[in-house]
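Raw query.txt, compact mmCIF, C-alpha atoms and all ligand atoms:
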```txt
# COMPACT_ATOMS: atom_id res chain seq x y z
CA MET I 140 6.89 27.53 -7.53
CA LEU I 141 4.37 26.00 -5.16
CA ASP I 142 0.88 25.17 -6.39
CA PHE I 143 -1.88 23.44 -4.44
CA GLU I 144 -4.38 23.45 -7.34
CA LEU I 145 -5.38 20.19 -8.96
CA SER I 146 -5.42 20.07 -12.75
CA GLU I 147 -8.79 19.86 -14.49
CA GLU I 148 -7.97 16.23 -15.37
CA GLN I 149 -7.18 15.39 -11.74
CA ARG I 150 -10.36 17.08 -10.51
CA MET I 151 -12.50 15.10 -12.94
CA LEU I 152 -10.77 11.85 -12.04
CA VAL I 153 -11.14 12.46 -8.29
CA GLU I 154 -14.82 13.27 -8.83
CA ALA I 155 -15.37 10.06 -10.84
CA VAL I 156 -13.60 7.93 -8.21
CA ARG I 157 -15.56 9.63 -5.42
CA LYS I 158 -18.85 8.90 -7.19
CA PHE I 159 -17.87 5.28 -7.80
CA GLY I 160 -16.75 4.93 -4.19
CA LYS I 161 -19.95 6.40 -2.79
CA THR I 162 -22.29 4.21 -4.81
CA GLU I 163 -20.36 0.98 -5.40
CA ILE I 164 -18.04 0.61 -2.41
CA ALA I 165 -19.01 2.56 0.73
CA PRO I 166 -22.43 0.92 1.25
CA TYR I 167 -20.87 -2.55 1.04
CA ILE I 168 -17.77 -2.36 3.25
CA ARG I 169 -19.17 -4.56 6.03
CA LYS I 170 -20.10 -7.18 3.43
CA ILE I 171 -16.68 -6.92 1.79
CA ASP I 172 -15.07 -7.53 5.17
CA THR I 173 -17.40 -10.41 6.07
CA ASP I 174 -17.16 -12.10 2.65
CA GLN I 175 -13.38 -11.58 2.68
CA LYS I 176 -13.33 -10.51 -0.94
CA LEU I 177 -13.91 -7.55 -3.18
CA PRO I 178 -17.00 -8.00 -5.36
CA GLN I 179 -16.27 -8.60 -9.04
CA ARG I 180 -18.33 -5.47 -9.68
CA VAL I 181 -15.77 -3.39 -7.75
CA ILE I 182 -12.76 -4.95 -9.50
CA SER I 183 -14.35 -4.43 -12.93
CA GLY I 184 -15.36 -0.89 -11.98
CA LEU I 185 -11.80 -0.03 -10.95
CA ALA I 186 -10.54 -1.44 -14.25
CA ASP I 187 -13.18 0.45 -16.25
CA LEU I 188 -12.13 3.69 -14.58
CA GLY I 189 -8.54 2.95 -15.62
CA LEU I 190 -7.33 2.69 -12.02
CA LEU I 191 -5.74 -0.76 -11.96
CA GLY I 192 -2.02 -0.51 -12.58
CA MET I 193 -2.67 3.12 -13.51
CA SER I 194 1.05 3.95 -13.19
CA VAL I 195 1.79 1.51 -16.03
CA SER I 196 2.49 2.71 -19.60
CA GLN I 197 -0.43 3.18 -21.95
CA GLU I 198 0.95 0.54 -24.31
CA TYR I 199 0.09 -2.04 -21.62
CA GLY I 200 -3.31 -0.53 -20.87
CA GLY I 201 -2.20 1.74 -18.02
CA ALA I 202 -2.67 5.48 -17.74
CA ASP I 203 0.97 6.56 -17.25
CA ALA I 204 -0.41 8.28 -14.17
CA ASP I 205 1.92 10.48 -12.15
CA PRO I 206 2.40 9.67 -8.44
CA VAL I 207 0.37 12.63 -7.13
CA THR I 208 -2.63 11.53 -9.21
CA VAL I 209 -2.18 7.96 -7.97
CA GLY I 210 -2.18 9.29 -4.39
CA LEU I 211 -5.36 11.31 -4.93
CA VAL I 212 -7.13 8.22 -6.23
CA ALA I 213 -5.90 6.16 -3.26
CA GLU I 214 -7.25 8.78 -0.86
CA GLU I 215 -10.70 8.69 -2.47
CA LEU I 216 -10.79 4.90 -2.41
CA ALA I 217 -9.87 4.98 1.29
CA LYS I 218 -12.65 7.47 2.04
CA ALA I 219 -15.10 5.02 0.48
CA ASP I 220 -13.54 1.81 1.79
CA ILE I 221 -12.31 2.65 5.27
CA THR I 222 -11.45 -1.04 5.79
CA CYS I 223 -8.51 -0.25 3.46
CA ALA I 224 -9.05 -3.43 1.39
CA THR I 225 -9.88 -1.66 -1.90
CA PRO I 226 -7.14 0.96 -1.44
CA THR I 227 -4.62 -1.81 -0.77
CA PHE I 228 -5.72 -3.73 -3.87
CA PHE I 229 -5.19 -0.48 -5.76
CA LEU I 230 -1.95 0.79 -4.21
CA VAL I 231 0.05 -2.42 -4.28
CA GLN I 232 -0.57 -2.74 -8.00
CA ALA I 233 0.11 0.94 -8.66
CA ALA I 234 3.48 0.86 -6.87
CA TRP I 235 4.70 -2.56 -8.00
CA GLY I 236 3.14 -2.30 -11.44
CA HIS I 237 5.30 0.81 -11.80
CA ILE I 238 8.48 -1.07 -10.86
CA PHE I 239 7.64 -3.92 -13.25
CA ASN I 240 6.80 -1.40 -15.98
CA LYS I 241 10.07 0.48 -15.41
CA TYR I 242 12.50 -2.42 -15.08
CA GLY I 243 10.79 -5.54 -16.48
CA THR I 244 11.60 -7.06 -19.88
CA LYS I 245 9.35 -6.19 -22.80
CA LYS I 246 8.36 -9.82 -23.26
CA ALA I 247 7.28 -10.24 -19.63
CA LYS I 248 5.48 -6.91 -19.58
CA GLU I 249 3.55 -7.74 -22.75
CA ALA I 250 2.48 -11.04 -21.23
CA ILE I 251 1.43 -9.75 -17.81
CA LEU I 252 0.67 -6.04 -17.56
CA PRO I 253 -2.34 -5.89 -19.96
CA LYS I 254 -4.05 -8.48 -17.74
CA VAL I 255 -3.30 -6.40 -14.65
CA THR I 256 -4.71 -3.20 -16.12
CA LYS I 257 -7.85 -5.07 -17.24
CA GLY I 258 -8.42 -6.39 -13.71
CA GLU I 259 -7.84 -9.98 -14.80
CA ALA I 260 -4.59 -10.52 -12.87
CA PHE I 261 -2.91 -9.13 -9.76
CA ILE I 262 0.66 -7.90 -9.39
CA GLY I 263 2.10 -7.51 -5.91
CA ILE I 264 5.32 -7.61 -3.92
CA ALA I 265 6.86 -10.69 -2.32
CA SER I 266 9.72 -9.76 -0.02
CA THR I 267 8.83 -11.02 3.47
CA GLU I 268 9.66 -14.59 4.50
CA PRO I 269 8.62 -16.70 7.50
CA ASP I 270 11.91 -15.90 9.28
CA THR I 271 12.69 -12.40 8.06
CA GLY I 272 10.81 -9.23 7.20
CA SER I 273 12.49 -5.97 8.20
CA ASP I 274 15.93 -7.49 7.70
CA VAL I 275 15.41 -7.89 3.95
CA ALA I 276 19.06 -8.63 3.17
CA ASN I 277 18.86 -11.72 5.38
CA MET I 278 16.28 -13.49 3.21
CA LYS I 279 16.75 -17.13 2.27
CA THR I 280 14.90 -17.46 -1.05
CA ASN I 281 17.44 -18.04 -3.80
CA ALA I 282 17.50 -18.19 -7.58
CA LYS I 283 20.15 -20.14 -9.45
CA LYS I 284 20.85 -19.92 -13.15
CA LYS I 285 19.89 -23.05 -15.06
CA GLY I 286 19.83 -23.40 -18.82
CA GLY I 287 18.24 -20.27 -20.22
CA GLY I 288 16.46 -19.32 -16.98
CA TYR I 289 16.47 -19.65 -13.18
CA VAL I 290 15.48 -22.24 -10.57
CA VAL I 291 13.97 -20.74 -7.42
CA ASN I 292 13.75 -22.25 -3.93
CA GLY I 293 12.40 -20.63 -0.78
CA GLU I 294 9.26 -19.32 0.84
CA LYS I 295 7.45 -15.99 1.05
CA MET I 296 4.95 -15.19 3.80
CA PHE I 297 2.51 -12.41 4.84
CA ILE I 298 2.04 -11.46 1.20
CA SER I 299 -0.98 -9.41 0.04
CA GLY I 300 -3.12 -10.77 -2.79
CA VAL I 301 -2.38 -14.50 -2.74
CA GLY I 302 -6.10 -15.36 -2.50
CA GLU I 303 -7.01 -12.95 -5.31
CA ILE I 304 -4.43 -14.61 -7.57
CA GLN I 305 -5.45 -18.14 -6.61
CA ASN I 306 -9.20 -17.86 -6.32
CA VAL I 307 -10.60 -14.62 -7.72
CA LEU I 308 -8.92 -13.25 -10.83
CA PRO I 309 -9.28 -15.29 -14.03
CA ALA I 310 -5.66 -14.85 -15.17
CA GLY I 311 -4.16 -15.17 -11.66
CA GLY I 312 -1.07 -13.02 -11.50
CA GLY I 313 2.14 -12.97 -9.53
CA TYR I 314 4.76 -10.99 -7.69
CA VAL I 315 7.70 -8.75 -8.05
CA MET I 316 9.81 -11.04 -5.86
CA LEU I 317 13.19 -10.68 -4.20
CA ALA I 318 15.57 -13.64 -4.28
CA LYS I 319 19.26 -14.11 -3.63
CA THR I 320 21.40 -14.63 -6.71
CA GLU I 321 24.69 -14.21 -4.84
CA PRO I 322 23.86 -15.30 -1.28
CA ASP I 323 27.18 -14.19 0.25
CA LYS I 324 26.80 -10.59 -0.84
CA GLY I 325 23.89 -9.51 1.39
CA ALA I 326 21.81 -6.70 -0.12
CA LYS I 327 24.18 -6.61 -3.10
CA GLY I 328 23.39 -10.22 -4.00
CA ILE I 329 19.61 -9.87 -4.33
CA SER I 330 17.75 -9.79 -7.65
CA LEU I 331 14.15 -9.04 -8.57
CA PHE I 332 12.04 -11.55 -10.48
CA TYR I 333 8.48 -11.88 -11.62
CA MET I 334 7.08 -14.99 -9.94
CA PRO I 335 3.74 -16.25 -11.28
CA ILE I 336 1.75 -18.13 -8.65
CA LYS I 337 -1.39 -19.72 -9.99
CA GLY I 338 -0.72 -23.09 -11.60
CA THR I 339 3.07 -22.69 -11.47
CA LYS I 340 4.82 -26.04 -11.01
CA GLY I 341 6.58 -26.21 -7.62
CA VAL I 342 4.63 -23.31 -6.04
CA THR I 343 2.46 -24.15 -3.00
CA PRO I 344 0.30 -21.23 -1.82
CA THR I 345 -1.24 -20.81 1.65
CA LEU I 346 -3.77 -18.32 3.01
CA LEU I 347 -3.73 -16.55 6.38
CA ASP I 348 -6.69 -15.33 8.43
CA ASP I 349 -6.14 -11.63 9.18
CA TRP I 350 -8.30 -9.70 11.66
CA GLY I 351 -8.44 -6.56 9.56
CA ARG I 352 -8.72 -5.32 5.98
CA ARG I 353 -10.24 -8.70 5.23
CA GLY I 354 -11.47 -7.80 1.75
CA ILE I 355 -7.97 -8.45 0.43
CA SER I 356 -6.17 -11.63 1.38
CA THR I 357 -2.76 -12.18 2.90
CA GLY I 358 -0.95 -15.45 2.38
CA GLY I 359 2.29 -17.06 1.42
CA PHE I 360 3.82 -19.45 -1.03
CA ALA I 361 6.58 -22.03 -0.89
CA MET I 362 8.75 -22.58 -3.96
CA GLU I 363 10.48 -25.86 -4.65
CA ASP I 364 12.68 -26.01 -7.73
CA VAL I 365 10.45 -23.54 -9.56
CA GLU I 366 11.73 -22.89 -13.06
CA ILE I 367 11.23 -19.40 -14.48
CA PRO I 368 12.45 -18.01 -17.80
CA ALA I 369 15.29 -15.47 -18.06
CA GLU I 370 12.86 -12.75 -19.14
CA TYR I 371 11.29 -12.83 -15.66
CA LEU I 372 14.40 -11.16 -14.24
CA ILE I 373 13.46 -7.55 -13.43
CA GLY I 374 16.33 -5.09 -13.88
CA PRO I 375 20.00 -6.10 -13.68
CA GLU I 376 21.05 -9.11 -11.60
CA ASN I 377 22.06 -8.27 -8.01
CA LYS I 378 20.42 -4.83 -8.11
CA GLY I 379 17.08 -6.10 -6.86
CA PHE I 380 17.34 -4.76 -3.32
CA PHE I 381 17.78 -1.21 -4.56
CA LEU I 382 15.05 -1.45 -7.19
CA ALA I 383 12.70 -2.88 -4.57
CA MET I 384 13.38 0.11 -2.31
CA GLU I 385 11.98 2.31 -5.10
CA GLY I 386 8.79 0.27 -5.01
CA PHE I 387 8.56 0.40 -1.22
CA GLU I 388 9.03 4.16 -1.29
CA TYR I 389 6.19 4.60 -3.78
CA ALA I 390 3.90 2.34 -1.75
CA ARG I 391 4.78 4.14 1.49
CA ALA I 392 3.80 7.54 0.12
CA ILE I 393 0.51 6.18 -1.24
CA ILE I 394 -0.18 4.57 2.14
CA GLY I 395 0.18 8.05 3.64
CA MET I 396 -2.75 9.17 1.47
CA VAL I 397 -4.76 6.04 2.28
CA CYS I 398 -4.38 6.64 6.02
CA CYS I 399 -5.48 10.26 5.59
CA GLY I 400 -8.51 9.21 3.55
CA ALA I 401 -9.64 6.56 6.03
CA ALA I 402 -9.06 8.80 9.07
CA MET I 403 -10.72 11.89 7.62
CA ALA I 404 -13.74 9.88 6.46
CA SER I 405 -14.00 8.43 9.98
CA LEU I 406 -13.81 11.90 11.54
CA ASP I 407 -16.46 13.18 9.10
CA HIS I 408 -18.69 10.26 10.04
CA ALA I 409 -18.21 10.95 13.75
CA MET I 410 -18.81 14.68 13.31
CA GLU I 411 -22.39 14.05 12.21
CA TYR I 412 -22.98 12.13 15.43
CA LEU I 413 -21.32 14.82 17.56
CA LYS I 414 -23.92 17.26 16.28
CA ILE I 415 -26.97 15.16 17.16
CA ARG I 416 -26.03 13.09 20.21
CA LYS I 417 -26.85 14.97 23.40
CA ALA I 418 -25.49 14.67 26.93
CA PHE I 419 -26.12 17.05 29.81
CA GLY I 420 -28.64 18.87 27.63
CA ARG I 421 -26.37 19.73 24.71
CA PRO I 422 -24.74 18.12 21.65
CA ILE I 423 -21.58 16.28 22.72
CA GLY I 424 -19.69 18.08 19.94
CA THR I 425 -20.05 21.32 21.91
CA PHE I 426 -17.87 20.00 24.74
CA GLU I 427 -14.32 21.30 24.47
CA GLY I 428 -13.01 17.88 25.52
CA VAL I 429 -14.51 16.47 22.33
CA GLN I 430 -14.34 19.32 19.83
CA PHE I 431 -10.71 20.24 20.55
CA LYS I 432 -9.65 16.64 19.97
CA LEU I 433 -11.57 16.60 16.71
CA ALA I 434 -9.80 19.81 15.66
CA GLU I 435 -6.39 18.39 16.58
CA HIS I 436 -6.91 15.11 14.74
CA TYR I 437 -8.24 16.86 11.66
CA THR I 438 -5.32 19.30 11.61
CA ARG I 439 -2.79 16.50 12.05
CA MET I 440 -4.31 14.44 9.23
CA ASP I 441 -4.41 17.52 7.00
CA ALA I 442 -0.69 18.11 7.70
CA LEU I 443 0.10 14.47 6.99
CA ARG I 444 -1.83 14.69 3.74
CA LEU I 445 0.56 17.44 2.66
CA LEU I 446 3.52 15.33 3.76
CA ALA I 447 2.26 12.41 1.64
CA LEU I 448 1.58 14.66 -1.34
CA ARG I 449 5.07 16.12 -1.07
CA ALA I 450 6.52 12.60 -1.01
CA LEU I 451 4.51 11.68 -4.11
CA TRP I 452 5.49 14.90 -5.83
CA GLN I 453 9.18 14.22 -5.10
CA TYR I 454 8.76 10.64 -6.32
CA GLY I 455 7.44 11.99 -9.62
CA ARG I 456 10.19 14.62 -9.76
CA GLU I 457 12.85 11.95 -9.41
CA MET I 458 11.12 9.86 -12.09
CA LYS I 459 11.28 12.79 -14.50
CA THR I 460 14.64 14.36 -13.65
CA GLY I 461 16.59 11.71 -11.74
CA GLU I 462 17.06 14.27 -8.98
CA GLY I 463 16.66 13.87 -5.23
CA ARG I 464 17.24 10.15 -4.55
CA PHE I 465 17.73 10.79 -0.84
CA LEU I 466 14.84 13.23 -0.58
CA THR I 467 12.52 10.60 -2.04
CA ALA I 468 13.61 8.03 0.54
CA LEU I 469 13.30 10.60 3.34
CA TYR I 470 9.91 12.05 2.41
CA CYS I 471 8.32 8.66 1.75
CA ALA I 472 9.61 7.27 5.07
CA GLU I 473 8.45 10.37 6.98
CA SER I 474 4.97 9.98 5.55
CA LYS I 475 4.77 6.26 6.32
CA LEU I 476 6.21 6.79 9.80
CA LEU I 477 3.51 9.17 10.98
CA ALA I 478 0.38 8.52 8.90
CA PRO I 479 -0.68 5.06 10.17
CA GLU I 480 -0.30 5.91 13.87
CA SER I 481 -1.98 9.30 13.56
CA ALA I 482 -4.83 7.76 11.58
CA PHE I 483 -5.19 5.01 14.17
CA ASP I 484 -5.34 7.57 17.02
CA ALA I 485 -7.90 9.71 15.17
CA ILE I 486 -10.14 6.74 14.39
CA ASN I 487 -9.78 5.44 17.94
CA ASP I 488 -11.09 8.73 19.33
CA ALA I 489 -13.84 8.86 16.70
CA ILE I 490 -15.02 5.43 17.89
CA HIS I 491 -14.90 6.65 21.48
CA TRP I 492 -17.26 9.53 20.70
CA PHE I 493 -19.93 7.03 19.66
CA GLY I 494 -20.04 5.76 23.24
CA ALA I 495 -21.06 2.12 23.68
CA PHE I 496 -22.53 2.13 20.17
CA GLY I 497 -18.94 2.52 18.95
CA TYR I 498 -18.18 -0.93 20.35
CA THR I 499 -20.85 -2.61 18.22
CA VAL I 500 -20.44 -3.72 14.62
CA GLU I 501 -23.34 -1.40 13.72
CA CYS I 502 -20.72 1.34 13.91
CA PRO I 503 -18.36 0.81 10.94
CA LEU I 504 -15.34 2.59 12.36
CA GLU I 505 -13.76 -0.50 13.91
CA LEU I 506 -13.14 -1.60 10.31
CA ALA I 507 -11.09 1.53 9.70
CA LEU I 508 -9.14 1.07 12.93
CA LYS I 509 -8.16 -2.46 11.94
CA GLY I 510 -7.47 -1.38 8.36
CA VAL I 511 -4.96 1.38 9.12
CA ARG I 512 -3.32 -0.84 11.76
CA SER I 513 -2.12 -3.12 8.96
CA TYR I 514 0.12 -0.31 7.74
CA TYR I 515 2.12 -0.38 10.96
CA TRP I 516 3.79 -3.38 9.29
CA ALA I 517 2.94 -3.58 5.58
CA GLU I 518 5.58 -2.02 3.27
CA GLY I 519 7.90 -1.56 6.27
CA THR I 520 7.41 -0.98 10.01
CA ARG I 521 7.62 2.33 11.82
CA GLU I 522 10.98 1.24 13.29
CA VAL I 523 12.33 0.74 9.78
CA MET I 524 10.93 4.17 8.81
CA ARG I 525 12.74 5.74 11.78
CA THR I 526 15.91 3.98 10.67
CA ILE I 527 15.58 5.45 7.17
CA VAL I 528 14.81 8.97 8.40
CA GLY I 529 17.74 8.78 10.84
CA ARG I 530 20.04 7.50 8.08
CA GLU I 531 19.07 10.28 5.69
CA LEU I 532 19.61 12.89 8.41
CA MET I 533 22.82 11.60 9.97
CA GLY I 534 24.50 9.70 7.16
CA LYS I 535 25.07 6.05 6.28
CA GLU I 536 27.89 5.59 8.81
CA TYR I 537 25.34 6.07 11.62
CA VAL I 538 22.74 3.54 10.41
CA VAL I 539 21.29 1.87 13.51
CA THR I 540 21.08 -1.57 11.84
CA ARG I 541 24.72 -1.64 10.69
C1 LIG Y 601 -1.57 -7.01 6.35
C2 LIG Y 601 -0.15 -7.17 5.91
C3 LIG Y 601 0.14 -7.26 4.56
C4 LIG Y 601 1.46 -7.45 4.13
N1 LIG Y 601 1.71 -7.56 2.79
C5 LIG Y 601 2.98 -7.82 2.37
C6 LIG Y 601 3.26 -8.01 0.98
O1 LIG Y 601 2.37 -7.90 0.13
N2 LIG Y 601 4.52 -8.32 0.63
C7 LIG Y 601 5.54 -8.45 1.53
O2 LIG Y 601 6.65 -8.74 1.14
N3 LIG Y 601 5.30 -8.27 2.86
C8 LIG Y 601 4.05 -7.96 3.29
N4 LIG Y 601 3.79 -7.79 4.63
C9 LIG Y 601 4.86 -8.01 5.58
C10 LIG Y 601 5.50 -6.74 6.12
O3 LIG Y 601 6.26 -6.12 5.12
C11 LIG Y 601 6.33 -7.16 7.33
O4 LIG Y 601 5.43 -7.53 8.35
C12 LIG Y 601 7.27 -6.09 7.83
O5 LIG Y 601 8.27 -5.79 6.89
C13 LIG Y 601 7.94 -6.54 9.14
O6 LIG Y 601 8.52 -7.79 9.00
P1 LIG Y 601 8.16 -8.97 10.03
O7 LIG Y 601 6.69 -9.09 10.14
O8 LIG Y 601 8.94 -10.15 9.64
O9 LIG Y 601 8.68 -8.44 11.43
P2 LIG Y 601 10.19 -8.43 11.94
O10 LIG Y 601 11.08 -7.83 10.93
O11 LIG Y 601 10.53 -9.77 12.47
O12 LIG Y 601 10.07 -7.43 13.15
C14 LIG Y 601 9.38 -7.77 14.35
C15 LIG Y 601 9.31 -6.53 15.22
O13 LIG Y 601 10.64 -6.10 15.54
C16 LIG Y 601 10.81 -4.74 15.15
N5 LIG Y 601 12.16 -4.50 14.67
C17 LIG Y 601 12.82 -5.17 13.70
N6 LIG Y 601 14.03 -4.63 13.51
C18 LIG Y 601 14.14 -3.58 14.38
C19 LIG Y 601 15.14 -2.61 14.66
N7 LIG Y 601 16.30 -2.59 14.01
N8 LIG Y 601 14.90 -1.70 15.62
C20 LIG Y 601 13.72 -1.69 16.29
N9 LIG Y 601 12.73 -2.58 16.06
C21 LIG Y 601 12.93 -3.51 15.11
C22 LIG Y 601 9.81 -4.54 14.01
O14 LIG Y 601 9.51 -3.19 13.79
C23 LIG Y 601 8.63 -5.35 14.50
O15 LIG Y 601 7.84 -4.62 15.37
C24 LIG Y 601 2.50 -7.55 5.08
C25 LIG Y 601 2.20 -7.43 6.44
C26 LIG Y 601 0.90 -7.24 6.85
C27 LIG Y 601 0.60 -7.12 8.32
```
Let me see the structure of the file written as C-alpha cells.
Amino acid sequence: MLDFELSEEQRMLVEAVRKFGKTEIAPYIRKIDTDQKLPQRVISGLADLGLLGMSVSQEYGGADADPVTVGLVAEELAKADITCATPTFFLVQAAWGHIFNKYGTKKAKEAILPKVTKGEAFIGIASTEPDTGSDVANMKTNAKKKGGGYVVNGEKMFISGVGEIQNVLPAGGGYVMLAKTEPDKGAKGISLFYMPIKGTKGVTPTLLDDWGRRGISTGGFAMEDVEIPAEYLIGPENKGFFLAMEGFEYARAIIGMVCCGAAMASLDHAMEYLKIRKAFGRPIGTFEGVQFKLAEHYTRMDALRLLALRALWQYGREMKTGEGRFLTALYCAESKLLAPESAFDAINDAIHWFGAFGYTVECPLELALKGVRSYYWAEGTREVMRTIVGRELMGKEYVVTR
C-alpha cells in the first residue's frame, strides 16, 4: 500500500509549525545569523510546541514522534529558517535524542532527556576529531574502565551545539560520543557514551567561527582524564560504531527534508521576483532560460523530498519491525548524497535571478546557500554517502575504503 496523505495529526502539527515559523522565525533570520544565536523565544517556542527531542519517549517529555513526522517538522523549520540554524538545532536533537532514548540507561535518560525536551539542555553527536572525520574507526579518543565508571581522554572537533551548551541553555547538555574501549579492534572497539560538557572536570571547550548557519555554534572540546559514571555508557560496550550509524542514518534522512525546505522556500521567494522584475519589456520569469531552470530545480527538489520521506518511512519501519537494515542505510545515504548539492544548485540559481541585488545582504538567499553547504560535510560527506550506496549495491567485499 502506498499513501501520500498526511494524517490529521500530522497536518495540524505541520500547520502549527508553519505558523510559528512564519511569525517567530522567518522575519528574524538575518538577526539570528548576525547575533550567532537562536533567540530564547524561539527555543522556548520549539519546546512549547513539543518539538525538542520529539523522537524521545513521552515519559521523558518527548512525543514518541515517528521519523516521517520528524521530517515534516524539519522541512517546515527550514522553510522558515533558510539559514538552517533552527532546523539543525532541531534535527540533531531529534536524531541523537532518539539514539540516547533507545540505548541509554534509565538513570542517565531520567537525568538528561527531560531537560532536553524542555529546551533547557542540548543533546548532540560528538564523533569527529581534529585528525579524523570520515574515517570514524581511526579516532583517538579512548575510554578506560576505572572503579565503577570510565576515564576518558581525547578531543572532539567541529561539533554542533558547543556554544549552546556552554553559553545559552541553563542546564547545558552534552553529547552522544564515540570513544575507543578496545583501541586495537577498529570499528569493533568503539563504544558510545554520554559526555556532559558544561562544568565537567577535565573538559575544555572551544568555539569555531563558521561562515554559514551561524545561529547554531560549532566547536570542540578536549578531555583530559574525564571521569564519567558507568550509566553513561550507551548500549553494549564495543557496539558504539554500529549504534552511531543508526543515528547518522536518521540525521541524514532529516537533512534531506531540511535541504528541500530551504531550497523550495528560496525558489518560492525568487518566483515572486521573477513575476515583477522586467527586462526587455517583459517579466524575467517569462524567459525560457529562467523559467525552465525554475521548473527543473523545483521538480528535482520535489523528487528528493520523496526520497527523503521514503528514507524516513523505512527508518520508522525498521524501528517497528526490525526489517530492512540495509535498505535504511541505502535510502538515508541516497537522500543525503543528493539533497545538499541539489539544494545548493537551486539556491545558487535563485540568487542569480535577483541580478546584482542577489549579491547584497538585502537579499536573504545567501544565508540559505551557506546553510545547505554545511550539509556537504555534517553527518557525513557526499564521498562517504557514495561509499555507502556503492557498498549496499555491490556488497561489503567491494567497499572502496577497505
Ligand atoms: C557545520 C558543521 C557541523 C558539524 N557538526 C558535527 C557534529 O555535531 N558532530 C560531529 O561529530 N561532526 C560534525 N561535523 C563534522 C563532519 O561530520 C565532518 O566534517 C565530516 O564527517 C568529514 O570529516 P572531516 O571534516 O574530518 O574531513 P575528512 O574526513 O578529513 O575528509 C576530507 C575530505 O576528503 C574526502 N574523503 C575522505 N575520505 C574519502 C574517500 N574514501 N574517498 C573520497 N574522498 C574522501 C572527504 O569527503 C572530504 O572532502 C560538522 C561539520 C560541519 C561542517
- Selection as a list in words: residues within 6 Å of ligand LIG 601 (chain Y) by only C-alpha atoms and all ligand atoms: Ile264, Ala265, Ser266, Thr267, Thr271, Gly272, Ser273, Asp274, Phe297, Ile298, Ser299, Thr357, Ser513, Trp516, Ala517, Glu518, Gly519, Thr520, Glu522 and Thr540 of chain I
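For the pair atom CA of I:Phe496 and atom CA of I:Leu413, the separation is 13.0 Å.
Neighbouring residues of I:Phe493 at 12 Å or closer, counting only C-alpha atoms and skipping chain neighbours under 6 positions away, are Ser405, Leu406, His408, Ala409, Met410, Glu411, Tyr412, Leu413, Lys414, Ile415, Arg416, Lys417, Ala418, Ile423, Gly424, Val429, Ile486, Asn487, Thr499, Val500, Glu501, Cys502, Pro503, Leu504 and Glu505 of chain I.
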- Would you please work out which residue, of I:Leu211, I:Leu177, I:Ala401, I:Ala507, is nearest to I:Glu163 when using only C-alpha atoms? I:Leu177
- Query: Could you state the separation of atom CA of I:Glu268 and atom CA of I:Gly534 in Å, given to one decimal place?
  - Reply: 28.6 Å
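Between I:Lys161 and the residues I:Ala234, I:Leu477, I:Ala404, I:Ala202, the shortest atom-to-atom distance, using all atoms listed in the file, involves I:Ala404.
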- Task: For I:Gly341, please output as a ChimeraX atom specification all residues within 10 Å (counting only C-alpha atoms; exclusion window: fewer than 6 positions along the same chain).
- Result: /I:291-292,360-366
- Tell me which protein, DNA and RNA residues are within 8 Å of I:Glu473, counting only C-alpha atoms, leaving out same-chain ones fewer than 6 positions away, and put them as an NGL selection string. :I and (446 or 524-525 or 528)
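Restricting the calculation to all atoms listed in the file, the smallest distance between I:Arg353 and any of I:Gly302, I:Gly497, I:Gly374, I:Gly455 is found for I:Gly302.
Closest to I:Val511 among I:Gly379, I:Gly328, I:Pro226, I:Gly200 is I:Pro226, based on all atoms listed in the file.
Each of I:Arg521, I:Lys257, I:Arg352, I:Lys246 was checked against I:Ile171 using only C-alpha atoms; the smallest atom-to-atom distance is that of I:Arg352.
Restricting the calculation to all atoms listed in the file, the smallest distance between I:Glu457 and any of I:Pro344, I:Pro206, I:Gly529, I:Gly354 is found for I:Pro206.
Reported to one decimal place, the separation of atom CA of I:Tyr371 from atom CA of I:Phe239 is 9.9 Å.
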- Task: Compute the distance from (-16.4, -11.0, -9.7) to each atom, counting all atoms listed in the file, keep the residues with any atom at most 12 Å away, and return them as number ranges by chain; use the coordinates of the file.
- Result: I: 176-185, 258-259, 303, 306-309
- Message: as a PyMOL selection string, please: the residues near stretch 459-467 of chain I (cut-off 10 Å, all atoms listed in the file, same-chain neighbours under 3 positions excluded).
- Response: chain I and resi 205+385+388-389+392+449-456+470-473+527-528+530-532
- Message: Excluding I:Ile329 and its own-chain neighbours fewer than 4 positions away, which residues fall within 7 Å of it when counting only C-alpha atoms? Please give them as an MDAnalysis selection string.
- Response: chainID I and resid 317:321 377:380
- Message: Counting all atoms listed in the file, which residues sit no farther than 6 Å from the position (3.9, 7.8, 2.8) in the file's frame? I'd like them as a ChimeraX atom specification.
- Response: /I:391-395,447,471,474-475
Step by step, gather every atom of stretch 341-353 of chain I that the file lists, find the box along x, y and z that holds them, add 3 Å on each side, and finally give centre and edge lengths in Å to one decimal, as AutoDock Vina command-line options.
```
--center_x -1.8 --center_y -15.8 --center_z 2.0 --size_x 22.8 --size_y 26.9 --size_z 25.3
```
With N, CA, C and O atoms as the goal, would you fill in the gaps in stretch 447-451 of chain I and present it as a PDB file, in the frame of the given file?
```pdb
ATOM      1  N   ALA I 447       2.370  13.509   2.622  1.00  0.00           N
ATOM      2  CA  ALA I 447       2.260  12.410   1.640  1.00  0.00           C
ATOM      3  C   ALA I 447       2.291  12.966   0.220  1.00  0.00           C
ATOM      4  O   ALA I 447       2.949  12.407  -0.663  1.00  0.00           O
ATOM      5  N   LEU I 448       1.592  14.077   0.008  1.00  0.00           N
ATOM      6  CA  LEU I 448       1.580  14.660  -1.340  1.00  0.00           C
ATOM      7  C   LEU I 448       2.969  15.144  -1.739  1.00  0.00           C
ATOM      8  O   LEU I 448       3.381  15.006  -2.886  1.00  0.00           O
ATOM      9  N   ARG I 449       3.700  15.689  -0.767  1.00  0.00           N
ATOM     10  CA  ARG I 449       5.070  16.120  -1.070  1.00  0.00           C
ATOM     11  C   ARG I 449       5.943  14.912  -1.445  1.00  0.00           C
ATOM     12  O   ARG I 449       6.750  14.970  -2.375  1.00  0.00           O
ATOM     13  N   ALA I 450       5.750  13.817  -0.708  1.00  0.00           N
ATOM     14  CA  ALA I 450       6.520  12.600  -1.010  1.00  0.00           C
ATOM     15  C   ALA I 450       6.198  12.115  -2.427  1.00  0.00           C
ATOM     16  O   ALA I 450       7.095  11.743  -3.195  1.00  0.00           O
ATOM     17  N   LEU I 451       4.916  12.143  -2.777  1.00  0.00           N
ATOM     18  CA  LEU I 451       4.510  11.680  -4.110  1.00  0.00           C
ATOM     19  C   LEU I 451       5.027  12.632  -5.191  1.00  0.00           C
ATOM     20  O   LEU I 451       5.460  12.210  -6.265  1.00  0.00           O
TER      21      LEU I 451
END
```
